[in-house]
Amino acid sequence: MALLSNHQGRHGRRRRPLWVLAFAIAMVGVLVAAVLSAVSRNGSSRAEAPQAVDRPVVGRVGVDAPKSWPAWGFTHTRYSAGAGEPGATDSVRHSISRQPVVQAQAIMGWGVDNPEPARDQYNFGSLDQRMNLIRQTNGIPVITLCCAPDWMKGGPQGETDWTHLEDAPHPKYYDEFAELAAVVARRYPDVRYYAVWNEFKGFFDENRNRWDAEGYTQLYNKVYTALKAVNRHIKVGGPYVPMNGYSPEWQGPPSAVRGPWGSVDQRALNAVDYWLKHKKGADFVVVDGSTVSEDRGLRTDEFTALGKFSAVTRWLRGRGQGLPVWWAEWYVAPEHTTWPERRWDAVNTAAMMEFARSGAATALYWNPQRGSPGNCAGCLWSPGHGSTVSPSLGMLQRFAQWFPPGTKLVDVGPTPSSVRVLAQKRHMVVVNTRDEPTTATIDGKRIRLGGYKVRWVDR
């Protein structure tokens with residue numbers, strides 16, 4: 001029986017590389033005074049009022065993508081809609097099926113066994129189950145080509161050591177990984193969208209203290225060629241590098257992308273630039289990231305911090321040669337956050353608004369699913385309790401319904417800085433970013449909003 005791996009840390013995020021931990025230790029002496037005055041990192045207290053944001057640029061959603069593009073959805077993780085009693089899982093499946101959204105799944109880990117335990121010996125049983133679940137719930141399927149079987153990483157044939165899930169394949173096995181990608185593509189001909197690898201796992205060069213963009217791009221190019229040979233209509237994207245960031249007080253190397261929320265690690269931007277220059281081809285550019293800084297946690301309030309998503313998206317659109325921008329994962333809360341559900345709903349909805357108004361073509365919510373019933377902060381549904389579906393699932397479905405690619409955005413007039421709005425000609429979504437009631441004038445209407453209230457309003 002295989003141990004099905006999941007990300008570790010914040011709601012299923014990656015483990016941080018050793019260089020991050022080492023750097024943090026080195027900075028402790030400098031940061032102690034500031035940390036003592038920082039906002040609580042567990043999310044139990046609220047920072048100052050969110051800063052005002054620029055009024056949305058009137059344009060359209062997914063400006064670089066065709067109207068048929070898969071826009072909004074989520075990624076399946078270790079425990080998905082198949083976990084729990086049959087009655088409960090049936091209820092979850094029904095809820096997911098109400099409105100088609102993008103559903104992504106990795107080929108190994110995150111609920112799926114090793115697909116090729118030994119060379120040319122395939123094991124697709126668990127991946128088949130996940131792909132069938134996506135089909136049965138009317139999902140738009142996406143496959144993440146991560147991770148690699150052990151024998152491609154120096155391990156023995158026929159065995160799986162899940163502690164090495166995040167190791168990259170050795171360069172001499174890049175061709176074999178590309179062939180595995182082709183086998184997957186032939187097995188699931190209905191899947192047309194593939195993200196290559198995940199968060200540059202195993203591609204950090206400790207000696208040079210930077211991402212190994214050269215090694216990743218070699219792997220990517222082989223996979224791209226293999227997938228296009230199966231079906232030239234398959235859409236392939238990379239580099240799926242994490243857009244790690246730092247607080248506004250950061251005194252480290254300068255970054256090309258910064259704002260009131262902080263700055264993006266320039267090494268990640270450099271990796272994207274290298275990939276863009278040396279890739280063999282691509283149909284979209286994919287990244288992921290969190291609004292929580294690597295050095296000081298959530299230094300601004302959680303709504304101001306969302307500006308990072310817009311800033312990175314705009315940078316990618318400026319550098320990305322017209323490629324649609326794809327956020328494979330996004331995170332908005334510190335570890336061990338104890339926010340009530342309404343606060344989660346407000347922050348997640350405001351994040352999606354940032355993606356839509358800044359020109360992102362796709363954003364996939366990483367579902368931090370647990371394997372047991374009970375409190376599951378940020379989960380789209382509660383395992384074992386099928387009737388309990390979080391507002392976040394409904395929010396993703398409403399974005400898919402009302403703000404698909406090609407939707408024209410309209411300006412509906414001024415609102416208080418604490419209220420955010422995204423509108424199209426027939427509908428709009430409104431978010432109160434404060435934990436107290438407020439009245440806003442929107443689109444010529446006075447709207448009363450409770451604390452952290454999200455409202456979908458007809459125009």
# chains A, B, ... in the order shown; residues from 1 in each chain; ligands from 1
$ residues_around --residues "A:Tyr452" --least-positions-apart "5" --cutoff "7 Å" --atoms "only C-alpha atoms" --output "list in words"
Arg342, Arg343, Ala346, Val431, Asn432, Thr433, Arg434 and Asp435 of chain A
$ select_by_dssp --residues "stretch 291-415 of chain A" --states "alpha helix (DSSP H)" --output "VMD selection string"
chain A and resid 307 to 319 341 to 358 391 to 402
$ atom_distance --atom1 "atom CA of A:Ser91" --atom2 "atom CA of A:Leu133"
13.3 Å
$ residues_around --residues "stretch 266-269 of chain A" --least-positions-apart "4" --cutoff "8 Å" --atoms "only C-alpha atoms" --output "ChimeraX atom specification"
/A:210-211,241-244,253-257,273
$ write_last_selection --atoms "C-alpha atoms" --output "CSV table (one decimal), in the first residue's frame"
chain,number,residue,atom,x,y,z
A,210,ARG,CA,19.4,30.2,-7.3
A,211,TRP,CA,16.9,28.2,-9.3
A,241,VAL,CA,8.0,28.5,-10.5
A,242,PRO,CA,6.9,29.8,-7.1
A,243,MET,CA,6.7,33.6,-6.9
A,244,ASN,CA,8.1,33.8,-3.4
A,253,PRO,CA,18.6,42.2,-3.3
A,254,PRO,CA,16.3,44.5,-5.4
A,255,SER,CA,13.3,43.1,-7.4
A,256,ALA,CA,11.7,44.2,-10.6
A,257,VAL,CA,8.3,43.5,-9.1
A,273,ASP,CA,13.0,35.1,-18.1
$ closest_residue --among "A:Val421, A:Cys379, A:Leu276, A:Ala195" --to "A:Pro391" --atoms "only C-alpha atoms"
A:Cys379
